[in-house]
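K.L.:
Coordinates in structure-v1.txt, compact mmCIF, C-alpha atoms and all ligand atoms, are listed below.
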```txt
# COMPACT_ATOMS: atom_id res chain seq x y z
CA MET A 18 6.42 -2.73 4.10
CA ASN A 19 5.53 -1.83 7.62
CA ALA A 20 6.84 -2.74 11.06
CA TRP A 21 3.50 -4.20 12.12
CA ASP A 22 3.50 -6.74 9.29
CA ILE A 23 7.02 -7.78 10.25
CA LEU A 24 6.61 -7.87 14.04
CA SER A 25 3.26 -9.69 13.93
CA ALA A 26 4.48 -12.53 11.68
CA SER A 27 7.35 -14.36 13.33
CA MET A 28 8.34 -16.28 10.17
CA VAL A 29 8.58 -13.07 8.15
CA CYS A 30 10.45 -11.37 10.98
CA GLN A 31 12.95 -14.22 11.18
CA LYS A 32 13.56 -14.29 7.42
CA ILE A 33 14.01 -10.53 7.18
CA ARG A 34 16.45 -10.56 10.09
CA GLU A 35 18.36 -13.40 8.45
CA TYR A 36 18.54 -12.15 4.84
CA GLY A 37 18.08 -8.40 5.17
CA ILE A 38 14.99 -6.55 4.01
CA ASP A 39 16.20 -5.86 0.45
CA GLN A 40 16.95 -9.51 -0.24
CA TYR A 41 13.65 -10.58 1.33
CA LEU A 42 11.80 -8.21 -1.02
CA GLY A 43 13.93 -9.22 -4.01
CA LEU A 44 15.31 -5.69 -4.42
CA ASP A 45 18.85 -4.74 -5.28
CA GLN A 46 20.78 -2.92 -2.59
CA SER A 47 20.63 0.46 -4.28
CA CYS A 48 16.82 0.50 -4.09
CA PRO A 49 15.59 2.93 -1.41
CA ILE A 50 13.21 1.42 1.16
CA LEU A 51 10.65 3.33 3.21
CA LEU A 52 9.47 1.35 6.19
CA ASP A 53 6.17 2.45 7.71
CA SER A 54 5.23 1.72 11.32
CA GLY A 55 1.79 0.35 10.39
CA GLY A 56 0.21 2.67 12.95
CA TYR A 57 -3.22 2.33 11.32
CA LEU A 58 -3.05 -1.45 11.82
CA TYR A 59 -2.33 -1.05 15.55
CA LEU A 60 -5.42 1.14 15.74
CA LYS A 61 -7.53 -1.55 14.11
CA ARG A 62 -6.17 -4.26 16.38
CA ASN A 63 -6.62 -3.26 20.00
CA ASP A 64 -4.94 -6.46 21.19
CA ILE A 65 -1.43 -5.50 20.09
CA GLU A 66 0.26 -2.64 21.85
CA ALA A 67 2.05 -0.09 19.72
CA ASP A 68 5.46 0.60 21.18
CA PRO A 69 7.64 3.32 19.60
CA CYS A 70 10.68 1.79 21.29
CA LYS A 71 10.10 -1.58 19.57
CA VAL A 72 9.46 0.06 16.20
CA LEU A 73 12.65 2.14 16.46
CA LYS A 74 14.65 -0.94 17.48
CA LEU A 75 13.34 -2.83 14.44
CA TYR A 76 14.23 0.08 12.14
CA GLU A 77 17.76 0.17 13.58
CA GLU A 78 18.11 -3.54 12.99
CA LEU A 79 16.76 -3.55 9.41
CA ASN A 80 18.29 -0.22 8.40
CA PRO A 81 15.76 1.02 5.82
CA THR A 82 16.55 4.22 3.88
CA ILE A 83 13.71 5.94 5.77
CA GLY A 84 11.70 4.84 8.82
CA ALA A 85 8.32 6.47 9.51
CA VAL A 86 7.35 7.64 13.00
CA LEU A 87 4.78 5.45 14.78
CA ASP A 88 1.61 7.45 14.18
CA TYR A 89 -2.11 7.43 14.92
CA PRO A 90 -4.17 8.35 11.84
CA LEU A 91 -7.26 10.53 12.26
CA ASP A 92 -10.75 9.25 11.61
CA PRO A 93 -13.10 11.82 10.02
CA PHE A 94 -16.07 10.18 11.76
CA LEU A 95 -14.59 10.52 15.26
CA ALA A 96 -15.22 13.44 17.61
CA GLU A 97 -12.74 16.31 17.37
CA GLN A 98 -11.35 15.61 20.87
CA ALA A 99 -10.65 11.97 20.03
CA ASN A 100 -8.73 12.97 16.92
CA GLU A 101 -6.83 15.62 18.88
CA LYS A 102 -5.81 12.92 21.36
CA ARG A 103 -4.51 10.79 18.47
CA TRP A 104 -2.49 13.72 17.12
CA GLN A 105 -0.97 14.39 20.55
CA LYS A 106 0.05 10.71 20.76
CA THR A 107 1.64 10.95 17.31
CA LEU A 108 3.54 14.06 18.46
CA ALA A 109 4.70 12.30 21.64
CA ASN A 110 6.02 9.41 19.52
CA THR A 111 7.69 11.89 17.16
CA ARG A 112 9.50 13.51 20.09
CA PHE A 113 10.44 10.16 21.63
CA MET A 114 11.71 8.55 18.42
CA PHE A 115 13.72 11.60 17.32
CA GLU A 116 15.32 11.87 20.78
CA LYS A 117 16.28 8.19 20.91
CA ASN A 118 17.30 7.95 17.26
CA GLY A 119 20.95 7.48 16.41
CA TYR A 120 21.68 7.63 12.69
CA LEU A 121 18.41 6.66 10.96
CA THR A 122 16.49 8.99 8.65
CA LEU A 123 13.17 9.27 10.45
CA MET A 124 10.03 10.56 8.74
CA PRO A 125 7.62 12.66 10.84
CA ILE A 126 4.02 12.37 9.63
CA ILE A 127 1.46 15.16 9.38
CA HIS A 128 -2.18 14.26 10.01
CA ALA A 129 -4.87 16.80 9.16
CA HIS A 130 -8.34 17.08 7.72
CA SER A 131 -8.19 20.76 6.74
CA ALA A 132 -5.56 23.15 5.43
CA ALA A 133 -5.58 25.14 8.69
CA GLN A 134 -5.12 21.94 10.71
CA ALA A 135 -2.24 20.95 8.42
CA GLN A 136 -0.50 24.29 9.06
CA ARG A 137 -0.84 23.82 12.81
CA ALA A 138 0.43 20.23 12.56
CA CYS A 139 3.47 21.38 10.56
CA ALA A 140 4.21 23.99 13.25
CA ASP A 141 3.97 21.28 15.96
CA VAL A 142 6.38 19.03 14.04
CA ARG A 143 8.77 21.90 13.30
CA GLU A 144 8.99 22.62 17.02
CA ILE A 145 10.25 19.07 17.63
CA VAL A 146 12.42 18.28 14.61
CA GLY A 147 13.11 21.62 12.89
CA GLU A 148 12.86 21.53 9.08
CA PRO A 149 12.53 17.81 8.29
CA SER A 150 14.55 16.37 5.39
CA VAL A 151 11.68 13.94 4.77
CA VAL A 152 8.03 14.31 5.75
CA GLY A 153 4.92 12.20 5.26
CA ILE A 154 1.20 12.96 5.15
CA GLY A 155 -1.27 10.43 6.55
CA SER A 156 -5.03 10.28 7.23
CA LEU A 157 -5.95 11.07 3.61
CA VAL A 158 -7.29 7.62 2.68
CA PRO A 159 -10.87 8.19 3.95
CA LEU A 160 -10.97 11.62 2.29
CA MET A 161 -10.04 10.22 -1.12
CA ARG A 162 -12.72 7.50 -1.06
CA THR A 163 -15.33 8.24 -3.69
CA HIS A 164 -18.39 7.24 -1.68
CA HIS A 165 -17.66 9.97 0.86
CA ASP A 166 -17.39 12.61 -1.81
CA GLY A 167 -19.65 15.57 -1.19
CA ARG A 168 -21.03 13.99 1.97
CA LEU A 169 -18.07 13.96 4.26
CA LEU A 170 -17.41 17.57 5.02
CA VAL A 171 -14.67 18.71 7.27
CA ARG A 172 -15.84 20.90 10.15
CA GLU A 173 -13.95 24.05 9.27
CA SER A 174 -15.37 24.13 5.77
CA GLN A 175 -18.86 23.59 7.18
CA THR A 176 -18.66 26.54 9.52
CA SER A 177 -17.44 28.78 6.75
CA GLN A 178 -20.44 27.68 4.69
CA HIS A 179 -17.98 26.77 2.00
CA HIS A 180 -18.78 23.19 1.15
CA GLN A 181 -15.97 21.25 -0.41
CA SER A 182 -15.77 17.62 -1.38
CA SER A 183 -13.54 15.55 0.88
CA ARG A 184 -11.15 14.95 -2.03
CA HIS A 185 -10.84 18.70 -2.45
CA VAL A 186 -9.95 18.93 1.27
CA ALA A 187 -7.29 16.20 0.87
CA LEU A 188 -5.61 18.16 -1.91
CA GLU A 189 -5.73 21.36 0.17
CA VAL A 190 -3.95 19.50 3.01
CA ILE A 191 -1.18 18.36 0.65
CA LYS A 192 -0.83 21.88 -0.74
CA ALA A 193 -0.54 23.36 2.75
CA VAL A 194 2.18 20.90 3.80
CA ARG A 195 4.11 21.51 0.56
CA VAL A 196 4.07 25.26 1.32
CA GLU A 197 5.13 24.74 4.97
CA PHE A 198 8.00 22.40 4.07
CA PRO A 199 9.01 23.39 0.52
CA LYS A 200 12.38 21.60 0.60
CA SER A 201 11.44 18.34 2.34
CA PHE A 202 11.06 15.07 0.45
CA LEU A 203 7.29 14.59 0.62
CA HIS A 204 5.51 11.22 0.76
CA VAL A 205 1.73 10.70 0.89
CA PHE A 206 0.57 7.49 2.55
CA GLY A 207 -2.05 5.21 0.99
CA VAL A 208 -3.42 7.57 -1.65
CA GLY A 209 -2.39 8.14 -5.23
CA GLY A 210 -3.58 5.14 -7.20
CA THR A 211 -3.36 4.82 -10.95
CA THR A 212 -6.08 7.42 -11.49
CA THR A 213 -5.27 9.84 -8.65
CA MET A 214 -1.45 9.92 -8.55
CA HIS A 215 -1.38 12.64 -11.24
CA LEU A 216 -2.98 15.16 -8.89
CA MET A 217 -0.52 14.26 -6.11
CA PHE A 218 2.59 14.57 -8.27
CA ALA A 219 1.31 17.85 -9.74
CA LEU A 220 1.02 19.20 -6.17
CA GLY A 221 4.72 18.53 -5.60
CA VAL A 222 4.51 15.16 -3.85
CA ASP A 223 7.76 13.21 -4.33
CA SER A 224 6.50 9.70 -3.63
CA LEU A 225 3.34 7.80 -2.81
CA ASP A 226 2.13 4.30 -2.13
CA SER A 227 -1.08 2.56 -3.03
CA ILE A 228 -2.44 -0.96 -2.94
CA GLY A 229 -5.27 0.05 -5.29
CA TRP A 230 -3.78 -2.02 -8.13
CA ARG A 231 -4.04 -5.16 -6.00
CA LEU A 232 -7.45 -4.43 -4.44
CA LYS A 233 -8.91 -3.58 -7.85
CA ALA A 234 -7.56 -6.83 -9.28
CA GLY A 235 -9.47 -8.64 -6.53
CA TYR A 236 -12.71 -6.97 -7.63
CA GLY A 237 -12.08 -8.07 -11.22
CA ALA A 238 -11.03 -4.62 -12.40
CA VAL A 239 -8.41 -3.88 -15.00
CA GLN A 240 -6.75 -0.46 -14.88
CA LEU A 241 -5.59 1.49 -17.92
CA PRO A 242 -3.68 4.78 -18.24
CA GLY A 243 -6.02 7.77 -17.95
CA LEU A 244 -9.13 5.59 -17.65
CA GLY A 245 -11.10 4.43 -14.63
CA ASP A 246 -11.63 0.78 -13.78
CA ARG A 247 -12.89 -1.50 -16.53
CA PHE A 248 -14.24 -4.96 -15.84
CA THR A 249 -13.43 -8.11 -17.74
CA GLY A 250 -16.74 -9.93 -17.45
CA ILE A 251 -17.81 -12.51 -14.94
CA ARG A 252 -17.38 -10.28 -11.89
CA CYS A 253 -18.96 -7.21 -13.44
CA ARG A 254 -21.83 -5.84 -11.39
CA LYS A 255 -24.49 -3.34 -12.37
CA ASN A 256 -23.39 0.18 -13.42
CA ARG A 257 -19.85 -0.91 -14.15
CA THR A 258 -18.25 -0.54 -17.53
CA LEU A 259 -17.24 -3.73 -19.26
CA LEU A 260 -13.88 -3.51 -20.94
CA MET A 261 -15.21 -5.13 -24.10
CA ASP A 262 -17.93 -2.44 -24.41
CA ASP A 263 -15.46 0.44 -24.36
CA GLU A 264 -13.57 1.22 -27.59
CA VAL A 265 -11.09 3.64 -25.92
CA ALA A 266 -10.24 1.07 -23.25
CA LYS A 267 -9.85 -1.71 -25.80
CA ALA A 268 -7.42 0.42 -27.81
CA ALA A 269 -5.47 1.17 -24.61
CA LEU A 270 -5.34 -2.51 -23.70
CA LEU A 271 -3.88 -3.38 -27.11
CA GLU A 272 -1.07 -0.88 -26.40
CA CYS A 273 -0.19 -2.48 -23.05
CA GLN A 274 3.37 -3.81 -22.76
CA CYS A 275 2.98 -5.59 -19.41
CA PRO A 276 4.31 -9.16 -19.09
CA VAL A 277 0.77 -10.60 -19.16
CA CYS A 278 -0.46 -8.69 -22.24
CA LEU A 279 2.81 -9.24 -24.13
CA GLU A 280 2.11 -12.97 -24.11
CA HIS A 281 -1.08 -12.41 -26.13
CA ASP A 282 -1.20 -10.50 -29.42
CA SER A 283 -4.97 -10.40 -29.83
CA LEU A 284 -7.44 -8.38 -27.81
CA GLU A 285 -9.44 -11.54 -27.10
CA GLY A 286 -6.31 -13.28 -25.80
CA ARG A 287 -5.56 -10.39 -23.46
CA LEU A 288 -9.16 -10.15 -22.22
CA THR A 289 -9.27 -13.88 -21.49
CA ALA A 290 -5.92 -13.85 -19.67
CA LEU A 291 -7.03 -10.93 -17.47
CA ASP A 292 -10.48 -12.37 -16.87
CA ARG A 293 -9.19 -15.73 -15.83
CA SER A 294 -6.66 -14.86 -13.14
CA PHE A 295 -6.24 -12.51 -10.19
CA ASP A 296 -2.45 -12.74 -10.56
CA ASN A 297 -2.65 -11.63 -14.19
CA ARG A 298 -4.85 -8.65 -13.32
CA ALA A 299 -2.65 -7.69 -10.35
CA LEU A 300 0.49 -7.88 -12.48
CA HIS A 301 -1.11 -5.87 -15.30
CA ASN A 302 -2.44 -3.24 -12.84
CA ALA A 303 0.90 -2.98 -11.00
CA TRP A 304 2.67 -2.52 -14.34
CA VAL A 305 0.28 0.27 -15.37
CA PHE A 306 0.72 1.89 -11.93
CA VAL A 307 4.52 1.98 -12.26
CA GLN A 308 4.35 3.16 -15.89
CA GLU A 309 2.03 6.01 -14.90
CA ALA A 310 4.30 7.03 -12.01
CA ASN A 311 7.29 7.06 -14.40
CA ALA A 312 5.31 9.08 -16.97
CA CYS A 313 4.42 11.64 -14.27
CA GLN A 314 8.08 11.92 -13.21
CA GLU A 315 9.12 12.39 -16.84
CA ALA A 316 6.48 15.12 -17.29
CA ILE A 317 7.85 16.88 -14.19
CA ARG A 318 11.40 16.66 -15.55
CA THR A 319 10.34 18.16 -18.87
CA ASP A 320 8.19 20.83 -17.20
CA SER A 321 5.00 19.58 -18.85
CA ILE A 322 3.15 18.17 -15.83
CA GLU A 323 0.12 20.46 -16.23
CA SER A 324 -0.62 19.49 -19.85
CA PHE A 325 0.11 15.82 -19.05
CA VAL A 326 -2.32 15.75 -16.10
CA VAL A 327 -5.04 17.64 -17.99
CA GLN A 328 -4.72 15.17 -20.88
CA ARG A 329 -4.75 12.12 -18.59
CA LEU A 330 -7.78 13.23 -16.58
CA ARG A 331 -9.89 14.46 -19.50
CA HIS A 332 -12.29 11.49 -19.27
CA SER A 333 -12.20 11.26 -15.46
CA PRO A 334 -14.55 12.76 -12.84
CA LEU A 335 -11.32 13.87 -11.11
CA ARG A 336 -10.95 16.63 -13.72
CA SER A 337 -13.19 18.79 -11.49
CA LEU A 338 -10.21 18.90 -9.07
CA LEU A 339 -7.77 20.30 -11.62
CA SER A 340 -8.63 23.86 -10.52
CA VAL A 341 -7.43 23.04 -6.97
CA VAL A 342 -4.07 21.86 -8.28
CA PHE A 343 -3.42 24.45 -10.98
CA ASP A 344 -4.83 27.70 -9.62
ZN ZN A 401 -1.28 -5.44 -19.59
```
Translate this file's structure into structure tokens.

P.N.:
Amino acid sequence: MNAWDILSASMVCQKIREYGIDQYLGLDQSCPILLDSGGYLYLKRNDIEADPCKVLKLYEELNPTIGAVLDYPLDPFLAEQANEKRWQKTLANTRFMFEKNGYLTLMPIIHAHSAAQAQRACADVREIVGEPSVVGIGSLVPLMRTHHDGRLLVRESQTSQHHQSSRHVALEVIKAVRVEFPKSFLHVFGVGGTTTMHLMFALGVDSLDSIGWRLKAGYGAVQLPGLGDRFTGIRCRKNRTLLMDDEVAKAALLECQCPVCLEHDSLEGRLTALDRSFDNRALHNAWVFVQEANACQEAIRTDSIESFVVQRLRHSPLRSLLSVVFD
């Protein structure tokens, strides 16, 4: 959850204050909670003022395991000076919130669109907070979007004549932060869906968040381990693969143990259930997302992350990025 969602909805705010955030979310008390500021939402909505003091006060009241610094994500389509201004505001909030903080675990957030920028940002943060126990990386969402791939080029790679896809740049940023802060718990914000999380975990990211499973469900897409989006039927547009036309995907769907699929033994039953309801697709996709994250963690524990990721991405266009991760 994020502070913006809570502060901008008085009913939610009241309920969370009354019951506590874990009860409101239906989580047991041992479940760690990372509360984001929702800085990107403040940027979208010019009418609501972002106030680090208010955000910190809310964190103190709700007592999450980790509270993220109120930050201002970069926009790759903005002028360099405008992005620099955003970064300086994020740094000012970092300084302010760490100075005023009592006992909370605060997460500083690195924003960068090149490896060199990431190194500089880490140095800026280190100057304020020292070696952080937890650190986040933001501003990667636009770089991971497929339709920017190959077109959106970050300035420094342009000047060096070394053209990289924006996804490549995103992975280089994560790598740079991991090197700068090797011991910190590392979270990446908003990236790492069911088909991209493997790359993130292989780079040493400890946690990630994504609403891809929910957005995809809205577009009629069903997600399956190691496969891209497959569509159930009525909502399928041109150039999209129908689930029922793909033998590998059908076999994978028959293996699914999610609460929706378990109710239907036959492939037809599962396809109909997923086709018919957004809730069913969202539940199935969320289940696959969590299963994949657990499988990645298990592969890390057993020291087999490289072979696991290579196997999972063998049918995916993302396999071209494997050389960035395992060089
Ligand atoms: Zn399922």

K.L.:
Taking into account all atoms listed in the file, which residue in the set A:Val239, A:Val86, A:Ala268, A:Leu260 is nearest to ligand ZN 401 (chain A)?

P.N.:
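Closest to ligand ZN 401 (chain A), using all atoms listed in the file: A:Val239.
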
K.L.:
Which polymer residues have any atom within 12 Å of an atom of Leu108 in chain A, counting all atoms listed in the file, with same-chain residues fewer than 5 positions away left out, as a list in words?

P.N.:
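Listing them by chain and then by number gives Pro69, Val86, Leu87, Asp88, Tyr89, Pro90, Glu101, Lys102, Arg103, Phe113, Met114, Phe115, Pro125, Ile126, Ile127, His128, Ala138, Cys139, Ala140, Asp141, Val142, Arg143, Glu144, Ile145 and Val146 of chain A.
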
K.L.:
Taking only C-alpha atoms and all ligand atoms into account, list the residues no farther than 7 Å from ligand ZN 401 (chain A), as a list in words.

P.N.:
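Every residue with an atom at most 7 Å from ligand ZN 401 (chain A) is listed here: Leu270, Cys273, Gln274, Cys275, Pro276, Val277, Cys278 and His301 of chain A.
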
K.L.:
Build an axis-aligned box that encloses every atom of range 302-315 of chain A listed in the file, pad it by 5 Å on each side, and report its centre and edge lengths in Å to one decimal, as lines of an AutoDock Vina configuration file.

P.N.:
```
center_x = 3.3
center_y = 4.6
center_z = -14.0
size_x = 21.6
size_y = 25.6
size_z = 16.0
```

K.L.:
For Leu58 in chain A, list every protein, DNA or RNA residue within 9 Å, evaluated using only C-alpha atoms, and leave out those in the same chain fewer than 3 positions away; present the list as a PDB file with C-alpha atoms, keeping the file's coordinate frame.

P.N.:
```pdb
ATOM      1  CA  TRP A  21       3.500  -4.200  12.120  1.00  0.00           C
ATOM      2  CA  ASP A  22       3.500  -6.740   9.290  1.00  0.00           C
ATOM      3  CA  SER A  54       5.230   1.720  11.320  1.00  0.00           C
ATOM      4  CA  GLY A  55       1.790   0.350  10.390  1.00  0.00           C
ATOM      5  CA  LYS A  61      -7.530  -1.550  14.110  1.00  0.00           C
ATOM      6  CA  ARG A  62      -6.170  -4.260  16.380  1.00  0.00           C
TER       7      ARG A  62
END
```

K.L.:
Counting only C-alpha atoms, figure out which residue out of A:Ala187, A:Ala266, A:Ala303, A:Ala312 gets nearest to His332 in chain A.

P.N.:
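So, comparing all the options, the nearest one is A:Ala266.
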
K.L.:
Would you mind reading off the distance between CA of Ser324 in chain A and CA of Arg336 in chain A, one decimal, in Å?

P.N.:
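Straight-line distance from CA of Ser324 in chain A to CA of Arg336 in chain A works out to 12.3 Å.
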
K.L.:
Write out as a list of chain:residue names the residues lying within 9 Å of Val208 in chain A, counting all atoms listed in the file and excluding same-chain residues fewer than 4 positions away.

P.N.:
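These residues fall inside the cut-off: A:Gly155, A:Leu157, A:Val158, A:Met161, A:Thr213, A:Met214, A:Met217, A:Leu225, A:Asp226, A:Ser227, A:Ile228, A:Gly229.
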
K.L.:
Give me a file of those residues, with C-alpha atoms, as a PDB file, in the coordinates of the input.

P.N.:
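Once written, part.pdb looks like this:
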```
ATOM      1  CA  GLY A 155      -1.270  10.430   6.550  1.00  0.00           C
ATOM      2  CA  LEU A 157      -5.950  11.070   3.610  1.00  0.00           C
ATOM      3  CA  VAL A 158      -7.290   7.620   2.680  1.00  0.00           C
ATOM      4  CA  MET A 161     -10.040  10.220  -1.120  1.00  0.00           C
ATOM      5  CA  THR A 213      -5.270   9.840  -8.650  1.00  0.00           C
ATOM      6  CA  MET A 214      -1.450   9.920  -8.550  1.00  0.00           C
ATOM      7  CA  MET A 217      -0.520  14.260  -6.110  1.00  0.00           C
ATOM      8  CA  LEU A 225       3.340   7.800  -2.810  1.00  0.00           C
ATOM      9  CA  ASP A 226       2.130   4.300  -2.130  1.00  0.00           C
ATOM     10  CA  SER A 227      -1.080   2.560  -3.030  1.00  0.00           C
ATOM     11  CA  ILE A 228      -2.440  -0.960  -2.940  1.00  0.00           C
ATOM     12  CA  GLY A 229      -5.270   0.050  -5.290  1.00  0.00           C
TER      13      GLY A 229
END
```

K.L.:
Keeping N, CA and C atoms (and nothing else), can you write range 189-208 of chain A of this structure as a short mmCIF file (atom, residue, chain, number, x, y, z; two decimals), in the first residue's frame?

P.N.:
```cif
data_model
loop_
_atom_site.label_atom_id
_atom_site.label_comp_id
_atom_site.auth_asym_id
_atom_site.auth_seq_id
_atom_site.Cartn_x
_atom_site.Cartn_y
_atom_site.Cartn_z
N GLU A 189 21.03 -2.52 -15.88
CA GLU A 189 22.33 -1.95 -15.51
C GLU A 189 22.22 -1.08 -14.26
N VAL A 190 21.09 -0.37 -14.13
CA VAL A 190 20.87 0.47 -12.94
C VAL A 190 20.80 -0.42 -11.69
N ILE A 191 20.02 -1.51 -11.79
CA ILE A 191 19.88 -2.42 -10.64
C ILE A 191 21.24 -3.00 -10.26
N LYS A 192 21.99 -3.42 -11.28
CA LYS A 192 23.32 -3.99 -11.04
C LYS A 192 24.22 -3.00 -10.29
N ALA A 193 24.18 -1.74 -10.76
CA ALA A 193 25.05 -0.71 -10.16
C ALA A 193 24.68 -0.50 -8.69
N VAL A 194 23.38 -0.45 -8.38
CA VAL A 194 22.96 -0.22 -6.99
C VAL A 194 23.35 -1.43 -6.12
N ARG A 195 23.21 -2.63 -6.68
CA ARG A 195 23.58 -3.84 -5.92
C ARG A 195 25.06 -3.80 -5.55
N VAL A 196 25.89 -3.32 -6.50
CA VAL A 196 27.33 -3.23 -6.24
C VAL A 196 27.62 -2.16 -5.19
N GLU A 197 26.93 -1.01 -5.28
CA GLU A 197 27.17 0.10 -4.34
C GLU A 197 26.74 -0.28 -2.92
N PHE A 198 25.62 -0.97 -2.81
CA PHE A 198 25.10 -1.35 -1.49
C PHE A 198 24.93 -2.87 -1.41
N PRO A 199 26.05 -3.60 -1.31
CA PRO A 199 25.97 -5.07 -1.41
C PRO A 199 25.22 -5.73 -0.25
N LYS A 200 25.16 -5.04 0.90
CA LYS A 200 24.56 -5.70 2.08
C LYS A 200 23.13 -5.24 2.35
N SER A 201 22.67 -4.21 1.65
CA SER A 201 21.33 -3.67 1.95
C SER A 201 20.24 -4.59 1.39
N PHE A 202 19.11 -4.63 2.09
CA PHE A 202 17.92 -5.29 1.55
C PHE A 202 17.43 -4.43 0.39
N LEU A 203 17.32 -5.03 -0.79
CA LEU A 203 17.06 -4.24 -2.00
C LEU A 203 15.66 -4.53 -2.59
N HIS A 204 14.88 -3.45 -2.71
CA HIS A 204 13.53 -3.57 -3.30
C HIS A 204 13.47 -2.78 -4.60
N VAL A 205 12.86 -3.35 -5.65
CA VAL A 205 12.61 -2.56 -6.86
C VAL A 205 11.12 -2.27 -6.96
N PHE A 206 10.81 -0.99 -7.22
CA PHE A 206 9.41 -0.55 -7.23
C PHE A 206 8.77 -0.70 -8.61
N GLY A 207 7.64 -1.40 -8.65
CA GLY A 207 6.76 -1.39 -9.84
C GLY A 207 7.20 -2.25 -11.01
N VAL A 208 8.36 -2.86 -10.94
CA VAL A 208 8.79 -3.73 -12.04
C VAL A 208 8.98 -5.15 -11.50
#
```
